[in-house]
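*Asks:* Starting off with a structure, shown below.
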Amino acid sequence: MNGSKHDRAGARAEAATVRFAFTPAAAYVRAARLVAADVAAHAGVASGLLDEVRQAVGEACTRAVLRHRDRGIDELVRVEFSIGDRFVAKVTDNAQDLRARSGDRVGAGVAGGDARANDHEAIEEDTLSEEITLIVLGGLVEDLVVTGPDAEGGTTVSMSWPLPGSGSAADH
Amino acid sequence: MRGTSGDGAAEPELGLGLSTVGDYAVISVTGEIDMYTAPQLREAVRQLSSEGRMRVAIDLTPTEFCDSTGLGVLIGARRRLSDAGGSLVVVCANPRIRKLLDLTGLDKVLDVREAVPGE
């Protein structure tokens with residue numbers, strides 16, 4: 001992890017960046033979301049929003065891992081938090097748009113459908129989960145932008161939350 | 001990675017408690033449901049249905065965290081049980097997870113209740 005300390009005694013954290021990457025495996029998503037909540041707390045994000053940060057970053061990382069897994073991509077999922085006027089979280093994958101390749105699978109809906117073999121059930125739920133991540137993110141995060149796939153093939157989920165102007169930095 | 005998360009925190013733990021209330025086999029879920037632990041919940045439902053327990057209640061009230069992977073498992077479980085003539089009830093008096101169900105619209109797709117039927 002590559003970050004810098006800021007003045008926690010001050011009303012607002014100094015500009016800072018925390019950046020890391022992780023192997024696209026389910027076991028590491030929790031670490032990413034816990035780091036997100038911790039960095040957000042240090043940045044001064046309101047305590048009432050920290051659950052939202054944790055959930056949202058976890059969802060974005062889950063989506064990235066699912067996209068890498070679906071394509072058999074071993075490259076790292078990249079995560080970046082930046083502290084400035086707002087707390088900004090970015091999660092970047094290296095997978096091209098799933099729909100372009102297998103729109104029929106994405107179309108597996110919430111209701112109905114035939115019974116499937118066990119391994120297919122897991123794959124289908126993964127696909128469903130990727131769709132749900134965007135629904136959850138859209139519902140949770142007011143400032144949400146999903147870009148890509150870009151020239152390198154990945155997408156980036158960018159989210160931001162307000163930081164207090166003064167006097168209400170995280171206390172811990 | 002087990003036990004060695006980057007911040008030193010313990011790995012996500014999922015606790016699945018099984019009981020019976022009325023006609024329902026109840027899975028009480030503690031800990032965190034995410035893409036790492038969700039397969040355990042999926043397998044628990046599958047195990048019950050393979051034993052002929054087609055009326056299943058998943059109790060999320062004591063659950064600390066649930067992400068979209070967990071929601072995917074709930075949807076999959078509902079579909080499998082319904083296809084087999086059974087039913088799934090999601091018990092959730094947990095406001096954090098209730099909010100998740102509400103904002104995804106799953107509160108209208110799933111049978112979400114405050115308590116296990118017959119309790």
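Chain labels A, B, ... are given in the sequence in which chains occur in the structure tokens; within each chain residues are numbered consecutively from 1, and ligands are likewise numbered from 1 in the order shown.
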Give me the chain A side of the contact with chain B, cut-off 9 Å, one line per residue showing its nearest atom pair and distance in Å at one decimal, counting only C-alpha atoms, sorted by chain and residue number, as CSV.
*Replies:*
residue,atom,partner,partner_atom,distance
A:Ala25,CA,B:Tyr36,CA,8.3
A:Ala26,CA,B:Tyr36,CA,4.7
A:Ala27,CA,B:Tyr36,CA,5.5
A:Tyr28,CA,B:Ser5,CA,7.4
A:Val29,CA,B:Met35,CA,8.0
A:Arg30,CA,B:Pro12,CA,7.2
A:Ala31,CA,B:Ser5,CA,5.6
A:Ala32,CA,B:Gly6,CA,8.2
A:Leu34,CA,B:Asp7,CA,7.8
A:Val35,CA,B:Asp7,CA,7.0
A:Asp51,CA,B:Arg96,CA,8.8
A:Gln55,CA,B:Asp67,CA,7.0
A:Gly58,CA,B:Asp67,CA,7.5
A:Glu59,CA,B:Asp67,CA,6.6
A:Thr62,CA,B:Met35,CA,6.9
A:Val110,CA,B:Ile75,CA,6.7
A:Ala111,CA,B:Arg79,CA,7.1
A:Gly112,CA,B:Arg79,CA,6.6
A:Gly113,CA,B:Arg79,CA,7.6
A:Asp114,CA,B:Asp83,CA,7.6
A:Ala115,CA,B:Arg80,CA,6.4
A:Arg116,CA,B:Arg80,CA,8.6
A:Asn118,CA,B:Arg46,CA,8.9
A:Glu121,CA,B:Gly76,CA,7.3
A:Ala122,CA,B:Pro39,CA,8.1
A:Glu124,CA,B:Gly76,CA,8.4
A:Glu125,CA,B:Gly72,CA,5.2
A:Asp126,CA,B:Thr69,CA,7.0
A:Thr127,CA,B:Gly72,CA,8.6
A:Leu128,CA,B:Gly72,CA,6.0
A:Ser129,CA,B:Thr69,CA,5.1
A:Glu130,CA,B:Ser68,CA,7.6
A:Glu131,CA,B:Ser68,CA,8.7
A:Ile132,CA,B:Ser68,CA,5.7
A:Thr133,CA,B:Ser68,CA,5.6
A:Ile135,CA,B:Thr104,CA,6.1
A:Val136,CA,B:Thr104,CA,6.1
A:Gly138,CA,B:Leu103,CA,8.9
A:Gly139,CA,B:Leu103,CA,5.8
A:Leu140,CA,B:Leu103,CA,7.9
*Asks:* Output N, CA and C atoms for every residue in the selection just made, as a short mmCIF file (atom, residue, chain, number, x, y, z; two decimals), in the first residue's frame.
*Replies:*
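Here's the written file result.cif:
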data_model
loop_
_atom_site.label_atom_id
_atom_site.label_comp_id
_atom_site.auth_asym_id
_atom_site.auth_seq_id
_atom_site.Cartn_x
_atom_site.Cartn_y
_atom_site.Cartn_z
N ALA A 25 -9.33 -12.23 -6.39
CA ALA A 25 -9.87 -13.40 -5.68
C ALA A 25 -10.80 -12.92 -4.59
N ALA A 26 -11.82 -13.73 -4.32
CA ALA A 26 -12.86 -13.34 -3.36
C ALA A 26 -12.28 -13.04 -1.98
N ALA A 27 -11.21 -13.72 -1.62
CA ALA A 27 -10.67 -13.59 -0.27
C ALA A 27 -10.17 -12.19 0.03
N TYR A 28 -9.87 -11.41 -0.99
CA TYR A 28 -9.25 -10.10 -0.76
C TYR A 28 -10.24 -8.94 -0.79
N VAL A 29 -11.47 -9.23 -1.16
CA VAL A 29 -12.45 -8.15 -1.27
C VAL A 29 -12.73 -7.54 0.11
N ARG A 30 -12.77 -8.38 1.11
CA ARG A 30 -13.04 -7.86 2.45
C ARG A 30 -11.94 -6.89 2.89
N ALA A 31 -10.70 -7.27 2.63
CA ALA A 31 -9.59 -6.38 2.99
C ALA A 31 -9.75 -5.02 2.32
N ALA A 32 -10.14 -5.04 1.05
CA ALA A 32 -10.30 -3.79 0.31
C ALA A 32 -11.38 -2.92 0.92
N LEU A 34 -12.53 -2.97 3.98
CA LEU A 34 -12.15 -2.51 5.32
C LEU A 34 -11.14 -1.36 5.22
N VAL A 35 -10.21 -1.47 4.29
CA VAL A 35 -9.26 -0.37 4.08
C VAL A 35 -10.03 0.89 3.65
N ASP A 51 -20.44 3.11 6.64
CA ASP A 51 -21.02 1.84 6.19
C ASP A 51 -21.28 1.87 4.69
N GLN A 55 -19.67 -0.61 2.02
CA GLN A 55 -20.52 -1.41 1.13
C GLN A 55 -20.21 -1.13 -0.33
N GLY A 58 -16.83 -2.34 -1.46
CA GLY A 58 -16.92 -3.81 -1.54
C GLY A 58 -17.66 -4.25 -2.79
N GLU A 59 -18.74 -3.56 -3.11
CA GLU A 59 -19.50 -3.92 -4.30
C GLU A 59 -18.66 -3.70 -5.57
N THR A 62 -16.10 -6.41 -5.73
CA THR A 62 -16.75 -7.68 -6.08
C THR A 62 -17.02 -7.72 -7.58
N VAL A 110 -34.44 -12.22 -12.75
CA VAL A 110 -34.70 -12.48 -11.34
C VAL A 110 -35.78 -13.53 -11.18
N ALA A 111 -36.80 -13.42 -11.99
CA ALA A 111 -37.93 -14.32 -11.82
C ALA A 111 -37.90 -15.44 -12.88
N GLY A 112 -38.35 -16.60 -12.49
CA GLY A 112 -38.48 -17.69 -13.43
C GLY A 112 -37.17 -18.33 -13.81
N GLY A 113 -37.19 -19.14 -14.88
CA GLY A 113 -35.96 -19.80 -15.31
C GLY A 113 -36.01 -21.27 -14.96
N ASP A 114 -35.29 -22.04 -15.74
CA ASP A 114 -35.27 -23.48 -15.51
C ASP A 114 -34.28 -23.85 -14.42
N ALA A 115 -34.50 -25.00 -13.83
CA ALA A 115 -33.52 -25.52 -12.89
C ALA A 115 -32.25 -25.84 -13.65
N ARG A 116 -31.11 -25.57 -13.02
CA ARG A 116 -29.83 -25.73 -13.71
C ARG A 116 -28.91 -26.61 -12.88
N ASN A 118 -25.66 -27.64 -10.77
CA ASN A 118 -25.11 -26.88 -9.66
C ASN A 118 -24.04 -25.89 -10.08
N GLU A 121 -25.50 -22.96 -11.64
CA GLU A 121 -26.18 -22.09 -10.68
C GLU A 121 -25.21 -21.06 -10.12
N ALA A 122 -24.01 -21.52 -9.78
CA ALA A 122 -23.03 -20.59 -9.22
C ALA A 122 -22.64 -19.53 -10.23
N GLU A 124 -24.39 -18.53 -12.76
CA GLU A 124 -25.52 -17.65 -12.99
C GLU A 124 -25.68 -16.64 -11.85
N GLU A 125 -25.48 -17.11 -10.63
CA GLU A 125 -25.59 -16.20 -9.50
C GLU A 125 -24.47 -15.15 -9.54
N ASP A 126 -23.30 -15.56 -10.01
CA ASP A 126 -22.22 -14.60 -10.16
C ASP A 126 -22.60 -13.50 -11.15
N THR A 127 -23.17 -13.93 -12.26
CA THR A 127 -23.59 -12.97 -13.27
C THR A 127 -24.66 -12.05 -12.72
N LEU A 128 -25.60 -12.67 -12.01
CA LEU A 128 -26.67 -11.90 -11.38
C LEU A 128 -26.08 -10.91 -10.39
N SER A 129 -25.08 -11.36 -9.64
CA SER A 129 -24.48 -10.51 -8.63
C SER A 129 -23.81 -9.31 -9.28
N GLU A 130 -23.18 -9.53 -10.44
CA GLU A 130 -22.53 -8.40 -11.10
C GLU A 130 -23.56 -7.35 -11.47
N GLU A 131 -24.71 -7.81 -11.93
CA GLU A 131 -25.78 -6.86 -12.24
C GLU A 131 -26.25 -6.15 -10.99
N ILE A 132 -26.37 -6.92 -9.91
CA ILE A 132 -26.89 -6.32 -8.67
C ILE A 132 -25.90 -5.30 -8.10
N THR A 133 -24.60 -5.54 -8.31
CA THR A 133 -23.63 -4.58 -7.77
C THR A 133 -23.91 -3.18 -8.31
N ILE A 135 -26.75 -2.02 -9.39
CA ILE A 135 -28.01 -1.53 -8.81
C ILE A 135 -27.75 -1.01 -7.40
N VAL A 136 -26.99 -1.78 -6.63
CA VAL A 136 -26.67 -1.37 -5.26
C VAL A 136 -25.88 -0.06 -5.29
N GLY A 138 -25.77 2.20 -7.59
CA GLY A 138 -26.61 3.30 -8.03
C GLY A 138 -27.54 3.80 -6.94
N GLY A 139 -27.98 2.87 -6.11
CA GLY A 139 -28.87 3.25 -5.01
C GLY A 139 -28.14 3.86 -3.84
N LEU A 140 -26.91 3.44 -3.64
CA LEU A 140 -26.16 3.87 -2.46
C LEU A 140 -25.43 5.19 -2.67
#
*Asks:* Would you pick out the contacts of Ile58 of chain B at 9 Å or less, using only C-alpha atoms, so that residues sharing its chain but fewer than 2 positions from it are not included, and give the list as a list in words?
*Replies:* Ala25, Val26, Ile27, Ser28, Val29, Val45, Val56, Leu60, Leu74, Leu88, Val89, Val90, Val91, Cys92 and Val116 of chain B
*Asks:* If you run DSSP on the backbone, which residues of segment 19-83 of chain A are strand (DSSP E or B), as JSON, numbers by chain?
*Replies:* {"A": [19, 20, 21, 22, 77, 78, 79, 80, 81, 82, 83]}
*Asks:* Using only C-alpha atoms for the distances, tell me which of B:Pro117, B:Pro95, B:Gly86, B:Gly15 is nearest to Thr30 of chain B.
*Replies:* B:Gly15
*Asks:* Please measure the separation of atom CA of Ala93 of chain B and atom CA of Ala57 of chain B, giving the value in Å to one decimal.
*Replies:* 13.4 Å
*Asks:* Just want the 8 Å neighbourhood of Arg67 of chain A, counted on only C-alpha atoms, with same-chain residues fewer than 2 positions away dropped. Output as an mmCIF file with C-alpha atoms, in the first residue's frame.
*Replies:*
data_model
loop_
_atom_site.group_PDB
_atom_site.id
_atom_site.type_symbol
_atom_site.label_atom_id
_atom_site.label_comp_id
_atom_site.auth_asym_id
_atom_site.auth_seq_id
_atom_site.Cartn_x
_atom_site.Cartn_y
_atom_site.Cartn_z
ATOM 1 C CA ARG A 63 -17.814 -6.550 -9.526
ATOM 2 C CA ALA A 64 -14.200 -6.239 -10.633
ATOM 3 C CA VAL A 65 -13.308 -9.697 -9.332
ATOM 4 C CA ARG A 69 -12.978 -14.292 -13.062
ATOM 5 C CA ASP A 70 -15.424 -14.485 -15.919
ATOM 6 C CA ARG A 71 -12.705 -13.705 -18.419
ATOM 7 C CA ASP A 93 -10.699 -3.787 -13.623
ATOM 8 C CA ALA A 95 -12.122 -6.860 -18.298
ATOM 9 C CA LEU A 98 -19.449 -8.622 -20.354
ATOM 10 C CA GLU A 130 -22.531 -8.403 -11.099
#
